[in-house]
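Student: I have a structure I would like to understand better, so I am pasting it below and will then ask my questions one at a time.
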There are 2 protein chains.
Amino acid sequence: MSQAQISQERILNAAAAIVGRSGAAHLTIDAVAAEAGLSKGGVLYHFPNKRSMIEAMVQFVLENVAERAARHRTRLSGGRNAVVRSFICAEHDLDPRERAMSIAILAAAAEDPDLVAPARARLAVWLDEIMRDSDGDLGIILMLATEGLRFLSMLDLLPLTCADRERIHQRMLAMAEAGDP
Amino acid sequence: MSQAQISQERILNAAAAIVGRSGAAHLTIDAVAAEAGLSKGGVLYHFPNKRSMIEAMVQFVLENVAERAARHRTRLSGGRNAVVRSFICAEHDLDPRERAMSIAILAAAAEDPDLVAPARARLAVWLDEIMRDSDGDLGIILMLATEGLRFLSMLDLLPLTCADRERIHQRMLAMAEAGDP
DNA sequence: ACACCTGGACCGTCTGGACGGTACAGTTTA
DNA sequence: TAAACTGTACCGTCCAGACGGTCCAGGTGT
């Protein structure tokens with residue numbers, strides 16, 4: 001891993017820390033630089049502008065989720081609706097850093113939808129795989145529920161306990177496994 | 001309806017039009033004023049600051065959805081899982097104006113989650129009613145799917161045709177009606 | 001009937017500050 | 001020695017919000 005890659009990851013971590021602590025409104029280049037222990041010029045050396053920093057976050061989250069999903073997939077392969085279930089699991093264990101990045105991404109994407117074009121593409125692939133793999137539309141509905149849970153959690157809109165979440169998560173997996181009548 | 005109410009609604013409509021046409025990034029007080037045929041001061045007369053304008057949008061969308069849901073509820077009452085189904089239907093027929101406002105709200109809320117406190121409260125009520133009314137967690141999962149669909153659509157992240165959407169919508173209603181095994 | 005006043009609705013302009021981004025000369029580190 | 005920075009100074013733009021003034025419909029007193 002090159003020095004550049006290390007620094008870039010430090011910058012992304014710093015950005016996530018800021019969002020997690022103070023909210024997306026405080027995500028400025030100056031703040032990121034301070035948090036990462038760099039100068040503003042240092043940050044802009046690695047990311048020519050703020051947008052490219054956010055794009056890197058999109059990439060990062062997408063890759064992490066895809067990687068986890070792939071691992072779950074080998075574990076679940078053979079079972080019914082394995083694709084959706086791997087997706088559900090991969091999204092279920094977002095770590096705080098990914099969560100913070102997702103909030104930043106959401107804030108940016110709401111103002112400029114083009115920013116999440118890679119996510120669009122990725123989602124299209126997911127959708128396709130799920131449709132092919134799953135019984136009818138059940139898979140899609142469970143995928144939508146997973147995303148709904150993610151968005152609502154990000155905006156802190158859901159008054160659910162951890163136990164509730166875990167129960168619902170298990171329930172979704174069970175629904176997928178049971179499949180369609 | 002007082003003149004003030006008329007103007008306020010004109011302002012909200014103007015804001016929605018801007019977001020629908022140019023995206024949330026272009027939602028400025030100046031732009032709203034121009035669109036509404038008012039001066040900036042005029043807009044600020046009705047809404048002391050931008051935040052309060054967004055809060056009014058939150059209120060507006062929340063009320064509209066609740067009202068539609070209530071109508072659907074009387075229609076569906078007696079049936080199985082009527083509460084979720086009314087929710088699903090109410091969210092399904094968001095008009096373009098509500099959709100645009102939701103995007104503006106999303107953009108603002110991602111930066112300042114406190115802004116959607118009313119939505120949080122409202123959602124808690126929904127959740128409670130659904131839990132009480134529905135079989136196990138099925139209702140909640142369908143509610144999450146509804147919200148997921150809404151969010152993903154808002155960010156234009158879902159490569160689904162109208163027909164797909166309609167089919168999925170019907171499928172969700174059917175799942176609610178069928179209930180839990 | 002007329003002057004007077006009030007208050008709501010609205011206009012136009014200005015300012016202050018936040019931020020993204022640039023420039024560049026110098027310094028450390030692998 | 002080249003990449004990876006630092007540090008500072010600076011620019012331009014955008015935008016929220018403040019503010020003083022205007023217009024006018026409709027009371028109010030005489």
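Residue numbering restarts at 1 in every chain; chains get A, B, ... in the order shown in the structure tokens, and ligands count up from 1 in that same order.
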Restrict the calculation to only C-alpha atoms (C1' of nucleotides), then for each residue of chain C with any atom at most 10 Å from an atom of chain A give the closest atom pair and their distance in Å to one decimal, rows by chain and rising residue number, as a tab-separated table.
Tutor:
```
residue	atom	partner	partner_atom	distance
C:DC19	C1'	A:Thr28	CA	7.6
C:DG20	C1'	A:Lys50	CA	7.9
C:DG21	C1'	A:Asn49	CA	7.6
C:DT22	C1'	A:Gly41	CA	9.9
C:DA30	C1'	A:Gln3	CA	9.3
```
Student: With a cut-off of 7 Å and counting only C-alpha atoms, select all residues of chain A in contact with chain B and give the selection as JSON, numbers by chain.
Tutor: {"A": [23, 24, 25, 103, 106, 107, 110, 111, 112, 113, 120, 124, 137, 141, 142, 144, 145, 147, 148, 149, 155, 157, 158, 159, 168]}
Student: Do you have the atom CA of B:Ser52-atom C1' of C:DG12 distance handy?
Tutor: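 Pair atom CA of B:Ser52 / atom C1' of C:DG12 returns 22.7 Å.
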Student: Each residue of chain D with at least one atom at most 12 Å from chain B should appear once, together with its nearest atom pair and the corresponding distance in Å (one decimal); atoms considered: only C-alpha atoms (C1' of nucleotides); ordering: chain, then increasing residue number; output as a tab-separated table.
Tutor:
```
residue	atom	partner	partner_atom	distance
D:DC14	C1'	B:Thr28	CA	10.0
D:DC15	C1'	B:Thr28	CA	7.5
D:DA16	C1'	B:Lys50	CA	7.8
D:DG17	C1'	B:Asn49	CA	7.5
D:DA18	C1'	B:Gly41	CA	9.9
D:DC19	C1'	B:Gly41	CA	9.9
D:DG20	C1'	B:Gly41	CA	11.6
D:DG21	C1'	B:Gly41	CA	11.9
```
Student: Could I have chain A as a PDB file with C-alpha atoms, in the first residue's frame after it is superimposed on chain B by least squares, pairing all C-alpha atoms in sequence order?
Tutor:
```pdb
ATOM      1  CA  MET A   1     -58.173  30.867   3.111  1.00  0.00           C
ATOM      2  CA  SER A   2     -56.342  34.040   3.970  1.00  0.00           C
ATOM      3  CA  GLN A   3     -54.085  35.921   1.621  1.00  0.00           C
ATOM      4  CA  ALA A   4     -51.144  34.922   3.761  1.00  0.00           C
ATOM      5  CA  GLN A   5     -51.961  31.251   3.407  1.00  0.00           C
ATOM      6  CA  ILE A   6     -52.336  31.631  -0.329  1.00  0.00           C
ATOM      7  CA  SER A   7     -48.968  33.296  -0.599  1.00  0.00           C
ATOM      8  CA  GLN A   8     -47.311  30.725   1.590  1.00  0.00           C
ATOM      9  CA  GLU A   9     -48.623  27.953  -0.555  1.00  0.00           C
ATOM     10  CA  ARG A  10     -47.457  29.786  -3.674  1.00  0.00           C
ATOM     11  CA  ILE A  11     -44.008  30.016  -2.142  1.00  0.00           C
ATOM     12  CA  LEU A  12     -43.919  26.329  -1.316  1.00  0.00           C
ATOM     13  CA  ASN A  13     -45.084  25.476  -4.823  1.00  0.00           C
ATOM     14  CA  ALA A  14     -42.393  27.672  -6.267  1.00  0.00           C
ATOM     15  CA  ALA A  15     -39.783  25.953  -4.143  1.00  0.00           C
ATOM     16  CA  ALA A  16     -41.013  22.570  -5.295  1.00  0.00           C
ATOM     17  CA  ALA A  17     -40.924  23.703  -8.910  1.00  0.00           C
ATOM     18  CA  ILE A  18     -37.324  24.797  -8.590  1.00  0.00           C
ATOM     19  CA  VAL A  19     -36.240  21.539  -7.017  1.00  0.00           C
ATOM     20  CA  GLY A  20     -38.152  19.543  -9.591  1.00  0.00           C
ATOM     21  CA  ARG A  21     -36.591  21.460 -12.437  1.00  0.00           C
ATOM     22  CA  SER A  22     -33.068  22.237 -11.243  1.00  0.00           C
ATOM     23  CA  GLY A  23     -32.389  20.131  -8.191  1.00  0.00           C
ATOM     24  CA  ALA A  24     -32.116  20.911  -4.518  1.00  0.00           C
ATOM     25  CA  ALA A  25     -28.789  22.672  -4.958  1.00  0.00           C
ATOM     26  CA  HIS A  26     -30.560  25.559  -6.676  1.00  0.00           C
ATOM     27  CA  LEU A  27     -33.089  26.049  -3.941  1.00  0.00           C
ATOM     28  CA  THR A  28     -32.168  29.531  -2.722  1.00  0.00           C
ATOM     29  CA  ILE A  29     -34.399  32.228  -1.323  1.00  0.00           C
ATOM     30  CA  ASP A  30     -33.675  34.409  -4.303  1.00  0.00           C
ATOM     31  CA  ALA A  31     -34.705  31.687  -6.709  1.00  0.00           C
ATOM     32  CA  VAL A  32     -37.885  30.946  -4.786  1.00  0.00           C
ATOM     33  CA  ALA A  33     -38.809  34.612  -4.766  1.00  0.00           C
ATOM     34  CA  ALA A  34     -38.320  34.883  -8.512  1.00  0.00           C
ATOM     35  CA  GLU A  35     -40.274  31.721  -9.176  1.00  0.00           C
ATOM     36  CA  ALA A  36     -43.135  32.775  -6.934  1.00  0.00           C
ATOM     37  CA  GLY A  37     -43.276  36.230  -8.459  1.00  0.00           C
ATOM     38  CA  LEU A  38     -42.292  37.881  -5.212  1.00  0.00           C
ATOM     39  CA  SER A  39     -39.366  39.817  -3.911  1.00  0.00           C
ATOM     40  CA  LYS A  40     -36.883  38.305  -1.533  1.00  0.00           C
ATOM     41  CA  GLY A  41     -38.319  40.459   1.200  1.00  0.00           C
ATOM     42  CA  GLY A  42     -41.741  39.111   0.369  1.00  0.00           C
ATOM     43  CA  VAL A  43     -40.633  35.548   0.873  1.00  0.00           C
ATOM     44  CA  LEU A  44     -38.894  36.401   4.121  1.00  0.00           C
ATOM     45  CA  TYR A  45     -42.033  38.151   5.258  1.00  0.00           C
ATOM     46  CA  HIS A  46     -43.811  34.807   5.304  1.00  0.00           C
ATOM     47  CA  PHE A  47     -40.918  32.590   6.336  1.00  0.00           C
ATOM     48  CA  PRO A  48     -38.426  34.308   8.602  1.00  0.00           C
ATOM     49  CA  ASN A  49     -35.650  32.097   7.327  1.00  0.00           C
ATOM     50  CA  LYS A  50     -34.947  29.295   4.944  1.00  0.00           C
ATOM     51  CA  ARG A  51     -35.154  26.662   7.587  1.00  0.00           C
ATOM     52  CA  SER A  52     -38.711  27.568   8.476  1.00  0.00           C
ATOM     53  CA  MET A  53     -39.607  27.253   4.809  1.00  0.00           C
ATOM     54  CA  ILE A  54     -38.279  23.717   4.744  1.00  0.00           C
ATOM     55  CA  GLU A  55     -40.089  22.954   7.969  1.00  0.00           C
ATOM     56  CA  ALA A  56     -43.295  24.086   6.302  1.00  0.00           C
ATOM     57  CA  MET A  57     -42.558  21.630   3.515  1.00  0.00           C
ATOM     58  CA  VAL A  58     -42.105  18.839   6.011  1.00  0.00           C
ATOM     59  CA  GLN A  59     -45.440  19.753   7.532  1.00  0.00           C
ATOM     60  CA  PHE A  60     -47.086  19.931   4.149  1.00  0.00           C
ATOM     61  CA  VAL A  61     -45.887  16.540   2.952  1.00  0.00           C
ATOM     62  CA  LEU A  62     -46.639  14.893   6.268  1.00  0.00           C
ATOM     63  CA  GLU A  63     -50.174  16.240   6.308  1.00  0.00           C
ATOM     64  CA  ASN A  64     -50.882  15.291   2.735  1.00  0.00           C
ATOM     65  CA  VAL A  65     -49.684  11.748   3.250  1.00  0.00           C
ATOM     66  CA  ALA A  66     -51.610  11.404   6.492  1.00  0.00           C
ATOM     67  CA  GLU A  67     -54.750  12.694   4.859  1.00  0.00           C
ATOM     68  CA  ARG A  68     -54.523  10.317   1.932  1.00  0.00           C
ATOM     69  CA  ALA A  69     -53.738   7.463   4.276  1.00  0.00           C
ATOM     70  CA  ALA A  70     -56.840   8.248   6.303  1.00  0.00           C
ATOM     71  CA  ARG A  71     -58.965   8.076   3.172  1.00  0.00           C
ATOM     72  CA  HIS A  72     -57.441   4.778   2.134  1.00  0.00           C
ATOM     73  CA  ARG A  73     -57.959   3.511   5.635  1.00  0.00           C
ATOM     74  CA  THR A  74     -61.710   3.912   5.601  1.00  0.00           C
ATOM     75  CA  ARG A  75     -61.761   2.139   2.264  1.00  0.00           C
ATOM     76  CA  LEU A  76     -59.615  -0.717   3.520  1.00  0.00           C
ATOM     77  CA  SER A  77     -60.895  -0.973   7.047  1.00  0.00           C
ATOM     78  CA  GLY A  78     -61.861  -4.426   8.136  1.00  0.00           C
ATOM     79  CA  GLY A  79     -59.360  -6.058   5.799  1.00  0.00           C
ATOM     80  CA  ARG A  80     -56.194  -7.639   7.027  1.00  0.00           C
ATOM     81  CA  ASN A  81     -53.277  -5.323   7.817  1.00  0.00           C
ATOM     82  CA  ALA A  82     -55.293  -2.332   6.780  1.00  0.00           C
ATOM     83  CA  VAL A  83     -52.946   0.145   8.413  1.00  0.00           C
ATOM     84  CA  VAL A  84     -49.862  -0.800   6.424  1.00  0.00           C
ATOM     85  CA  ARG A  85     -51.852  -1.016   3.278  1.00  0.00           C
ATOM     86  CA  SER A  86     -53.191   2.476   3.759  1.00  0.00           C
ATOM     87  CA  PHE A  87     -49.642   3.659   4.335  1.00  0.00           C
ATOM     88  CA  ILE A  88     -48.382   1.914   1.234  1.00  0.00           C
ATOM     89  CA  CYS A  89     -51.134   3.442  -0.871  1.00  0.00           C
ATOM     90  CA  ALA A  90     -50.682   6.912   0.570  1.00  0.00           C
ATOM     91  CA  GLU A  91     -46.977   6.876  -0.211  1.00  0.00           C
ATOM     92  CA  HIS A  92     -47.539   5.333  -3.589  1.00  0.00           C
ATOM     93  CA  ASP A  93     -49.410   8.277  -4.972  1.00  0.00           C
ATOM     94  CA  LEU A  94     -47.071  11.062  -4.062  1.00  0.00           C
ATOM     95  CA  ASP A  95     -47.554  13.781  -6.632  1.00  0.00           C
ATOM     96  CA  PRO A  96     -44.573  15.477  -8.318  1.00  0.00           C
ATOM     97  CA  ARG A  97     -44.846  18.419  -5.976  1.00  0.00           C
ATOM     98  CA  GLU A  98     -44.595  16.249  -2.882  1.00  0.00           C
ATOM     99  CA  ARG A  99     -41.785  14.367  -4.494  1.00  0.00           C
ATOM    100  CA  ALA A 100     -39.838  17.547  -5.173  1.00  0.00           C
ATOM    101  CA  MET A 101     -40.419  18.755  -1.656  1.00  0.00           C
ATOM    102  CA  SER A 102     -39.230  15.435  -0.321  1.00  0.00           C
ATOM    103  CA  ILE A 103     -35.980  15.841  -2.208  1.00  0.00           C
ATOM    104  CA  ALA A 104     -35.489  19.282  -0.737  1.00  0.00           C
ATOM    105  CA  ILE A 105     -36.272  17.931   2.688  1.00  0.00           C
ATOM    106  CA  LEU A 106     -33.857  15.070   2.218  1.00  0.00           C
ATOM    107  CA  ALA A 107     -31.079  17.431   1.214  1.00  0.00           C
ATOM    108  CA  ALA A 108     -31.697  19.590   4.242  1.00  0.00           C
ATOM    109  CA  ALA A 109     -32.168  16.695   6.637  1.00  0.00           C
ATOM    110  CA  ALA A 110     -28.959  15.001   5.615  1.00  0.00           C
ATOM    111  CA  GLU A 111     -27.145  18.099   6.852  1.00  0.00           C
ATOM    112  CA  ASP A 112     -29.361  18.758   9.823  1.00  0.00           C
ATOM    113  CA  PRO A 113     -31.352  15.789  11.111  1.00  0.00           C
ATOM    114  CA  ASP A 114     -33.226  17.950  13.625  1.00  0.00           C
ATOM    115  CA  LEU A 115     -35.161  19.398  10.757  1.00  0.00           C
ATOM    116  CA  VAL A 116     -37.223  16.264  10.365  1.00  0.00           C
ATOM    117  CA  ALA A 117     -38.170  15.876  13.981  1.00  0.00           C
ATOM    118  CA  PRO A 118     -41.873  16.068  13.083  1.00  0.00           C
ATOM    119  CA  ALA A 119     -41.378  13.232  10.636  1.00  0.00           C
ATOM    120  CA  ARG A 120     -39.671  11.226  13.344  1.00  0.00           C
ATOM    121  CA  ALA A 121     -42.625  11.694  15.631  1.00  0.00           C
ATOM    122  CA  ARG A 122     -45.090  10.881  12.917  1.00  0.00           C
ATOM    123  CA  LEU A 123     -43.179   7.777  11.931  1.00  0.00           C
ATOM    124  CA  ALA A 124     -43.164   6.586  15.507  1.00  0.00           C
ATOM    125  CA  VAL A 125     -46.941   6.747  15.500  1.00  0.00           C
ATOM    126  CA  TRP A 126     -47.147   4.876  12.219  1.00  0.00           C
ATOM    127  CA  LEU A 127     -44.794   2.244  13.493  1.00  0.00           C
ATOM    128  CA  ASP A 128     -46.807   1.795  16.609  1.00  0.00           C
ATOM    129  CA  GLU A 129     -50.078   1.471  14.763  1.00  0.00           C
ATOM    130  CA  ILE A 130     -48.605  -0.925  12.259  1.00  0.00           C
ATOM    131  CA  MET A 131     -47.077  -3.088  14.948  1.00  0.00           C
ATOM    132  CA  ARG A 132     -50.374  -3.248  16.750  1.00  0.00           C
ATOM    133  CA  ASP A 133     -52.347  -3.971  13.606  1.00  0.00           C
ATOM    134  CA  SER A 134     -50.125  -6.297  11.679  1.00  0.00           C
ATOM    135  CA  ASP A 135     -49.052  -9.898  11.842  1.00  0.00           C
ATOM    136  CA  GLY A 136     -45.638 -10.016  13.421  1.00  0.00           C
ATOM    137  CA  ASP A 137     -43.087  -7.840  11.640  1.00  0.00           C
ATOM    138  CA  LEU A 138     -44.493  -8.231   8.181  1.00  0.00           C
ATOM    139  CA  GLY A 139     -46.093  -4.800   8.338  1.00  0.00           C
ATOM    140  CA  ILE A 140     -42.877  -3.115   9.345  1.00  0.00           C
ATOM    141  CA  ILE A 141     -40.968  -4.782   6.577  1.00  0.00           C
ATOM    142  CA  LEU A 142     -43.509  -3.626   4.018  1.00  0.00           C
ATOM    143  CA  MET A 143     -43.364  -0.148   5.435  1.00  0.00           C
ATOM    144  CA  LEU A 144     -39.584  -0.188   5.141  1.00  0.00           C
ATOM    145  CA  ALA A 145     -39.872  -1.366   1.559  1.00  0.00           C
ATOM    146  CA  THR A 146     -42.238   1.498   0.822  1.00  0.00           C
ATOM    147  CA  GLU A 147     -39.793   3.989   2.247  1.00  0.00           C
ATOM    148  CA  GLY A 148     -36.914   2.360   0.434  1.00  0.00           C
ATOM    149  CA  LEU A 149     -38.764   2.694  -2.824  1.00  0.00           C
ATOM    150  CA  ARG A 150     -39.444   6.324  -2.067  1.00  0.00           C
ATOM    151  CA  PHE A 151     -35.860   7.191  -1.212  1.00  0.00           C
ATOM    152  CA  LEU A 152     -34.338   5.321  -4.100  1.00  0.00           C
ATOM    153  CA  SER A 153     -36.796   6.924  -6.494  1.00  0.00           C
ATOM    154  CA  MET A 154     -36.015  10.346  -5.129  1.00  0.00           C
ATOM    155  CA  LEU A 155     -32.346   9.853  -5.850  1.00  0.00           C
ATOM    156  CA  ASP A 156     -33.256   8.359  -9.196  1.00  0.00           C
ATOM    157  CA  LEU A 157     -31.393   5.255  -8.215  1.00  0.00           C
ATOM    158  CA  LEU A 158     -33.873   2.645  -9.393  1.00  0.00           C
ATOM    159  CA  PRO A 159     -33.907   1.454 -12.981  1.00  0.00           C
ATOM    160  CA  LEU A 160     -37.514   0.298 -12.815  1.00  0.00           C
ATOM    161  CA  THR A 161     -40.235   0.955 -15.335  1.00  0.00           C
ATOM    162  CA  CYS A 162     -43.613   2.269 -14.298  1.00  0.00           C
ATOM    163  CA  ALA A 163     -45.014  -1.173 -14.935  1.00  0.00           C
ATOM    164  CA  ASP A 164     -42.402  -2.693 -12.614  1.00  0.00           C
ATOM    165  CA  ARG A 165     -43.307  -0.238  -9.912  1.00  0.00           C
ATOM    166  CA  GLU A 166     -46.985  -0.851 -10.268  1.00  0.00           C
ATOM    167  CA  ARG A 167     -46.458  -4.607 -10.152  1.00  0.00           C
ATOM    168  CA  ILE A 168     -44.310  -4.331  -7.055  1.00  0.00           C
ATOM    169  CA  HIS A 169     -46.833  -2.051  -5.439  1.00  0.00           C
ATOM    170  CA  GLN A 170     -49.629  -4.525  -6.058  1.00  0.00           C
ATOM    171  CA  ARG A 171     -47.426  -7.278  -4.787  1.00  0.00           C
ATOM    172  CA  MET A 172     -46.774  -5.459  -1.562  1.00  0.00           C
ATOM    173  CA  LEU A 173     -50.470  -4.918  -1.044  1.00  0.00           C
ATOM    174  CA  ALA A 174     -51.099  -8.566  -1.737  1.00  0.00           C
ATOM    175  CA  MET A 175     -48.458  -9.619   0.762  1.00  0.00           C
ATOM    176  CA  ALA A 176     -50.069  -7.459   3.395  1.00  0.00           C
ATOM    177  CA  GLU A 177     -53.491  -8.795   2.627  1.00  0.00           C
ATOM    178  CA  ALA A 178     -52.327 -12.402   2.667  1.00  0.00           C
ATOM    179  CA  GLY A 179     -50.692 -11.806   6.020  1.00  0.00           C
ATOM    180  CA  ASP A 180     -48.452 -14.143   7.867  1.00  0.00           C
ATOM    181  CA  PRO A 181     -48.639 -17.882   7.604  1.00  0.00           C
TER     182      PRO A 181
END
```
Student: Neighbouring residues of C:DG26 were defined as those with any atom within 12 Å, considering only C-alpha atoms (C1' of nucleotides); residues of the same chain fewer than 4 positions away were excluded. Please report them as a compact mmCIF listing (two decimals) with N, CA and C atoms (P, O5', C5', C4', C3', O3' and C1' of nucleotides), in the first residue's frame.
Tutor:
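The file below, part-v4.txt, is the result:
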```txt
# COMPACT_ATOMS: atom_id res chain seq x y z
P DC D 5 1.25 12.60 1.86
O5' DC D 5 0.90 14.05 1.27
C5' DC D 5 0.58 15.11 2.15
C4' DC D 5 1.85 15.84 2.59
C3' DC D 5 1.56 17.18 3.24
O3' DC D 5 1.37 17.00 4.62
C1' DC D 5 3.48 17.27 1.77
P DT D 6 0.55 18.07 5.37
O5' DT D 6 1.54 19.31 5.45
C5' DT D 6 2.76 19.21 6.17
C4' DT D 6 3.40 20.57 6.25
C3' DT D 6 2.47 21.65 6.81
O3' DT D 6 3.13 22.37 7.82
C1' DT D 6 3.34 22.33 4.71
P DG D 7 2.26 23.12 8.93
O5' DG D 7 2.30 24.62 8.40
C5' DG D 7 3.47 25.10 7.77
C4' DG D 7 3.13 26.45 7.14
C3' DG D 7 1.84 27.06 7.70
O3' DG D 7 2.18 28.29 8.33
C1' DG D 7 1.85 27.06 5.29
P DT D 8 1.09 29.24 8.95
O5' DT D 8 0.94 30.26 7.75
C5' DT D 8 2.07 30.55 6.93
C4' DT D 8 1.64 31.43 5.78
C3' DT D 8 0.43 32.30 6.08
O3' DT D 8 0.72 33.63 5.70
C1' DT D 8 0.07 31.10 4.07
```
Student: Enumerate the residues of chain A with a DSSP assignment of helix (DSSP H, G or I), computed from the backbone, and present them as a PyMOL selection string.
Tutor: chain A and resi 3-22+24-26+29-36+40-46+50-76+82-92+96-111+113-133+138-154+162-178
